[in-house]
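Enquirer: Got a structure here, written out as structure tokens. Questions coming.
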Amino acid sequence: MIYVIDASVACRFLLVEDLSDKAELVLESFLEGSCDLKAPKLIVYEVGNILWKAVKQGLIGLDEAVEKLSYLVKLKIDSIELDEKMHKSILVWSVKNDATYYDGAYVVSSKFSGATLLTADDALYRKASKETTTLHLRDYTK
């Protein structure tokens, strides 16, 4: 199985949050080679921002945040290159669905790659599932 993951899944690889246990199953499957993970490059920026926020809130230290971000990068999740056509589709989808451009990037990446979008974001799940194959992290099974 091939999944396009968003930051709501990737951050659960690194931080203990609701559904982190499910994210661990996804990560195990990926590391064992039983599933492939893809994401647009923006995932590193989004997860980096989440880690920055966790440091600012005193949830983790800076050194720990740096280690976690380094771990994510070393996973070498397949990067999806967004071309001009995809960027146009992202903007159209985002405006049409009253969603962020970031969320649109994951949806369009899923549509163009034919992979299932995997998200822990309830609102994104509801919007994306109308247009592309989408799985909520809570429903993931190994």
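Labeling convention for the structure tokens: chains A, B, ... as they appear, residues from 1 per chain, ligands from 1 in order of appearance.
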Assign secondary structure with DSSP using the backbone only, and return the residues of stretch 59-122 of chain A in helix (DSSP H, G or I) as an MDAnalysis selection string.
Expert: chainID A and resid 62:74 84:96 101:113 122
Enquirer: How would the residues just picked look written out with C-alpha atoms as a short mmCIF file (atom, residue, chain, number, x, y, z; two decimals), in the first residue's frame?
Expert:
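This went into out09.cif:
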data_model
loop_
_atom_site.label_atom_id
_atom_site.label_comp_id
_atom_site.auth_asym_id
_atom_site.auth_seq_id
_atom_site.Cartn_x
_atom_site.Cartn_y
_atom_site.Cartn_z
CA LEU A 62 15.37 22.43 21.72
CA ASP A 63 17.90 19.58 21.55
CA GLU A 64 15.08 17.04 21.55
CA ALA A 65 13.24 18.96 18.82
CA VAL A 66 16.39 19.02 16.67
CA GLU A 67 16.82 15.25 17.14
CA LYS A 68 13.20 14.60 16.23
CA LEU A 69 13.38 16.70 13.07
CA SER A 70 16.61 14.99 12.09
CA TYR A 71 14.93 11.61 12.59
CA LEU A 72 12.06 12.61 10.29
CA VAL A 73 14.45 13.74 7.56
CA LYS A 74 16.50 10.52 7.89
CA GLU A 84 2.80 23.93 -12.10
CA LYS A 85 -0.33 21.91 -12.91
CA MET A 86 -0.42 20.53 -9.38
CA HIS A 87 0.03 23.98 -7.83
CA LYS A 88 -2.93 25.25 -9.84
CA SER A 89 -5.01 22.27 -8.72
CA ILE A 90 -4.00 22.88 -5.10
CA LEU A 91 -5.15 26.48 -5.22
CA VAL A 92 -8.45 25.58 -6.87
CA TRP A 93 -9.11 22.75 -4.40
CA SER A 94 -8.20 24.91 -1.40
CA VAL A 95 -10.48 27.78 -2.41
CA LYS A 96 -13.32 25.43 -3.37
CA TYR A 101 -3.08 25.54 0.64
CA TYR A 102 -1.00 23.16 2.76
CA ASP A 103 -3.93 20.76 3.12
CA GLY A 104 -4.62 21.08 -0.58
CA ALA A 105 -1.05 20.03 -1.33
CA TYR A 106 -1.61 16.71 0.44
CA VAL A 107 -4.95 16.10 -1.28
CA VAL A 108 -3.66 16.92 -4.75
CA SER A 109 -0.50 14.86 -4.12
CA SER A 110 -2.75 11.92 -3.29
CA LYS A 111 -4.91 12.43 -6.37
CA PHE A 112 -1.99 12.82 -8.78
CA SER A 113 0.03 9.92 -7.35
CA ASP A 122 -10.78 15.30 11.03
#
Enquirer: Using only C-alpha atoms, which residues sit within 10 Å of A:Tyr3 once same-chain residues fewer than 6 positions away are excluded, as a PDB file with N, CA, C and O atoms, in the first residue's frame?
Expert:
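The resulting result-v3.pdb:
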ATOM      1  N   VAL A  26       1.979   2.727  11.576  1.00  0.00           N
ATOM      2  CA  VAL A  26       2.305   3.179  10.220  1.00  0.00           C
ATOM      3  C   VAL A  26       3.819   3.191  10.046  1.00  0.00           C
ATOM      4  O   VAL A  26       4.353   2.672   9.052  1.00  0.00           O
ATOM      5  N   PHE A  30       6.175   0.994   7.503  1.00  0.00           N
ATOM      6  CA  PHE A  30       7.100   1.654   6.576  1.00  0.00           C
ATOM      7  C   PHE A  30       8.517   1.105   6.753  1.00  0.00           C
ATOM      8  O   PHE A  30       9.183   0.752   5.779  1.00  0.00           O
ATOM      9  N   CYS A  35       4.696  -1.003   3.602  1.00  0.00           N
ATOM     10  CA  CYS A  35       3.968   0.108   2.974  1.00  0.00           C
ATOM     11  C   CYS A  35       4.980   1.178   2.575  1.00  0.00           C
ATOM     12  O   CYS A  35       6.087   1.224   3.105  1.00  0.00           O
ATOM     13  N   ASP A  36       4.593   1.985   1.616  1.00  0.00           N
ATOM     14  CA  ASP A  36       5.419   3.111   1.187  1.00  0.00           C
ATOM     15  C   ASP A  36       4.753   4.401   1.632  1.00  0.00           C
ATOM     16  O   ASP A  36       3.520   4.504   1.606  1.00  0.00           O
ATOM     17  N   LEU A  37       5.578   5.358   2.031  1.00  0.00           N
ATOM     18  CA  LEU A  37       5.078   6.669   2.433  1.00  0.00           C
ATOM     19  C   LEU A  37       5.633   7.721   1.492  1.00  0.00           C
ATOM     20  O   LEU A  37       6.804   7.691   1.127  1.00  0.00           O
ATOM     21  N   LYS A  38       4.754   8.652   1.128  1.00  0.00           N
ATOM     22  CA  LYS A  38       5.122   9.783   0.282  1.00  0.00           C
ATOM     23  C   LYS A  38       4.551  11.042   0.912  1.00  0.00           C
ATOM     24  O   LYS A  38       3.573  10.980   1.661  1.00  0.00           O
ATOM     25  N   ALA A  39       5.138  12.164   0.566  1.00  0.00           N
ATOM     26  CA  ALA A  39       4.624  13.454   1.034  1.00  0.00           C
ATOM     27  C   ALA A  39       5.256  14.569   0.214  1.00  0.00           C
ATOM     28  O   ALA A  39       6.398  14.437  -0.234  1.00  0.00           O
ATOM     29  N   SER A 110      -2.090  13.223  -3.323  1.00  0.00           N
ATOM     30  CA  SER A 110      -2.747  11.924  -3.291  1.00  0.00           C
ATOM     31  C   SER A 110      -3.436  11.632  -4.626  1.00  0.00           C
ATOM     32  O   SER A 110      -3.286  10.554  -5.201  1.00  0.00           O
ATOM     33  N   SER A 113      -0.824  11.102  -7.493  1.00  0.00           N
ATOM     34  CA  SER A 113       0.032   9.918  -7.345  1.00  0.00           C
ATOM     35  C   SER A 113      -0.771   8.620  -7.306  1.00  0.00           C
ATOM     36  O   SER A 113      -0.205   7.539  -7.440  1.00  0.00           O
ATOM     37  N   GLY A 114      -2.074   8.730  -7.077  1.00  0.00           N
ATOM     38  CA  GLY A 114      -2.898   7.539  -6.958  1.00  0.00           C
ATOM     39  C   GLY A 114      -2.758   6.837  -5.619  1.00  0.00           C
ATOM     40  O   GLY A 114      -3.237   5.723  -5.441  1.00  0.00           O
ATOM     41  N   ALA A 115      -2.111   7.482  -4.681  1.00  0.00           N
ATOM     42  CA  ALA A 115      -1.907   6.909  -3.348  1.00  0.00           C
ATOM     43  C   ALA A 115      -3.042   7.328  -2.417  1.00  0.00           C
ATOM     44  O   ALA A 115      -3.719   8.335  -2.660  1.00  0.00           O
ATOM     45  N   THR A 116      -3.230   6.582  -1.364  1.00  0.00           N
ATOM     46  CA  THR A 116      -4.244   6.903  -0.362  1.00  0.00           C
ATOM     47  C   THR A 116      -3.726   7.994   0.565  1.00  0.00           C
ATOM     48  O   THR A 116      -2.604   7.897   1.079  1.00  0.00           O
ATOM     49  N   LEU A 117      -4.521   9.029   0.780  1.00  0.00           N
ATOM     50  CA  LEU A 117      -4.162  10.071   1.740  1.00  0.00           C
ATOM     51  C   LEU A 117      -4.410   9.531   3.131  1.00  0.00           C
ATOM     52  O   LEU A 117      -5.503   9.029   3.434  1.00  0.00           O
ATOM     53  N   LEU A 118      -3.408   9.627   4.005  1.00  0.00           N
ATOM     54  CA  LEU A 118      -3.521   9.201   5.393  1.00  0.00           C
ATOM     55  C   LEU A 118      -3.373  10.431   6.272  1.00  0.00           C
ATOM     56  O   LEU A 118      -2.354  11.121   6.216  1.00  0.00           O
ATOM     57  N   THR A 119      -4.411  10.718   7.060  1.00  0.00           N
ATOM     58  CA  THR A 119      -4.429  11.922   7.889  1.00  0.00           C
ATOM     59  C   THR A 119      -5.066  11.649   9.241  1.00  0.00           C
ATOM     60  O   THR A 119      -5.897  10.750   9.367  1.00  0.00           O
ATOM     61  N   THR A 133      -9.050   8.897  -2.429  1.00  0.00           N
ATOM     62  CA  THR A 133      -9.067   7.820  -1.447  1.00  0.00           C
ATOM     63  C   THR A 133      -8.356   8.307  -0.193  1.00  0.00           C
ATOM     64  O   THR A 133      -7.197   8.727  -0.261  1.00  0.00           O
ATOM     65  N   THR A 134      -9.065   8.263   0.922  1.00  0.00           N
ATOM     66  CA  THR A 134      -8.561   8.838   2.164  1.00  0.00           C
ATOM     67  C   THR A 134      -8.807   7.877   3.313  1.00  0.00           C
ATOM     68  O   THR A 134      -9.869   7.266   3.399  1.00  0.00           O
ATOM     69  N   LEU A 135      -7.822   7.778   4.188  1.00  0.00           N
ATOM     70  CA  LEU A 135      -7.936   6.946   5.378  1.00  0.00           C
ATOM     71  C   LEU A 135      -7.606   7.788   6.588  1.00  0.00           C
ATOM     72  O   LEU A 135      -6.587   8.486   6.603  1.00  0.00           O
TER      73      LEU A 135
END
Enquirer: Using only C-alpha atoms, which residue out of A:Ile50, A:Lys142, A:Leu137, A:Ala99 lies closest to A:Ala123?
Expert: A:Ala99
Enquirer: Mind giving me the straight-line distance from atom CA of A:Ile43 to atom CA of A:Glu81 in Å, one decimal?
Expert: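 Atom-to-atom, atom CA of A:Ile43 to atom CA of A:Glu81, that is 12.0 Å.
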Enquirer: Please identify all polymer residues within 8 Å of A:Lys22, counting only C-alpha atoms, omitting same-chain residues fewer than 2 positions from it, and present them as a list in words.
Expert: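 Answer for this query is Leu19, Ser20, Glu24, Leu25, Val26, Leu137, Arg138, Tyr140 and Thr141 of chain A.
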Enquirer: Rank nothing, just name the residue among A:Gln57, A:Asp139, A:Gly48, A:Lys41 nearest to A:Ala120, using only C-alpha atoms.
Expert: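 Smallest separation from A:Ala120 among the options: A:Asp139.
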Enquirer: Please return as a list in words: the residues of stretch 12-103 of chain A that backbone DSSP assigns to strand (DSSP E or B).
Expert: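 Listing strand (DSSP E or B) positions across stretch 12-103 of chain A yields Asp36, Leu37, Lys38, Ala39, Pro40, Asp78, Ser79 and Ile80 of chain A.
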Enquirer: Suppose we keep all heavy atoms; can you now write the selection as a short mmCIF file (atom, residue, chain, number, x, y, z; two decimals), in the first residue's frame?
Expert:
data_model
loop_
_atom_site.label_atom_id
_atom_site.label_comp_id
_atom_site.auth_asym_id
_atom_site.auth_seq_id
_atom_site.Cartn_x
_atom_site.Cartn_y
_atom_site.Cartn_z
N ASP A 36 4.59 1.98 1.62
CA ASP A 36 5.42 3.11 1.19
C ASP A 36 4.75 4.40 1.63
O ASP A 36 3.52 4.50 1.61
CB ASP A 36 5.56 3.13 -0.34
CG ASP A 36 6.46 2.03 -0.86
OD1 ASP A 36 7.42 1.67 -0.15
OD2 ASP A 36 6.21 1.53 -1.97
N LEU A 37 5.58 5.36 2.03
CA LEU A 37 5.08 6.67 2.43
C LEU A 37 5.63 7.72 1.49
O LEU A 37 6.80 7.69 1.13
CB LEU A 37 5.50 6.99 3.87
CG LEU A 37 5.04 6.03 4.96
CD1 LEU A 37 5.53 6.50 6.32
CD2 LEU A 37 3.54 5.85 4.96
N LYS A 38 4.75 8.65 1.13
CA LYS A 38 5.12 9.78 0.28
C LYS A 38 4.55 11.04 0.91
O LYS A 38 3.57 10.98 1.66
CB LYS A 38 4.52 9.64 -1.12
CG LYS A 38 4.98 8.45 -1.90
CD LYS A 38 4.24 8.39 -3.24
CE LYS A 38 4.74 7.26 -4.07
NZ LYS A 38 5.53 7.67 -5.18
N ALA A 39 5.14 12.16 0.57
CA ALA A 39 4.62 13.45 1.03
C ALA A 39 5.26 14.57 0.21
O ALA A 39 6.40 14.44 -0.23
CB ALA A 39 4.93 13.66 2.51
N PRO A 40 4.53 15.66 0.04
CA PRO A 40 5.17 16.83 -0.57
C PRO A 40 6.23 17.36 0.41
O PRO A 40 6.13 17.15 1.62
CB PRO A 40 4.03 17.82 -0.76
CG PRO A 40 2.90 17.33 0.07
CD PRO A 40 3.12 15.88 0.34
N ASP A 78 9.46 9.30 0.61
CA ASP A 78 9.49 9.74 -0.79
C ASP A 78 8.88 11.12 -0.93
O ASP A 78 7.74 11.35 -0.51
CB ASP A 78 8.73 8.75 -1.69
CG ASP A 78 9.48 7.46 -1.91
OD1 ASP A 78 10.70 7.42 -1.69
OD2 ASP A 78 8.84 6.47 -2.32
N SER A 79 9.63 11.99 -1.55
CA SER A 79 9.18 13.37 -1.72
C SER A 79 8.43 13.52 -3.03
O SER A 79 8.88 13.08 -4.08
CB SER A 79 10.39 14.30 -1.70
OG SER A 79 9.98 15.64 -1.80
N ILE A 80 7.27 14.14 -2.96
CA ILE A 80 6.46 14.40 -4.15
C ILE A 80 6.77 15.82 -4.63
O ILE A 80 6.60 16.79 -3.88
CB ILE A 80 4.96 14.26 -3.83
CG1 ILE A 80 4.65 12.82 -3.42
CG2 ILE A 80 4.12 14.70 -5.03
CD1 ILE A 80 3.24 12.61 -2.90
#
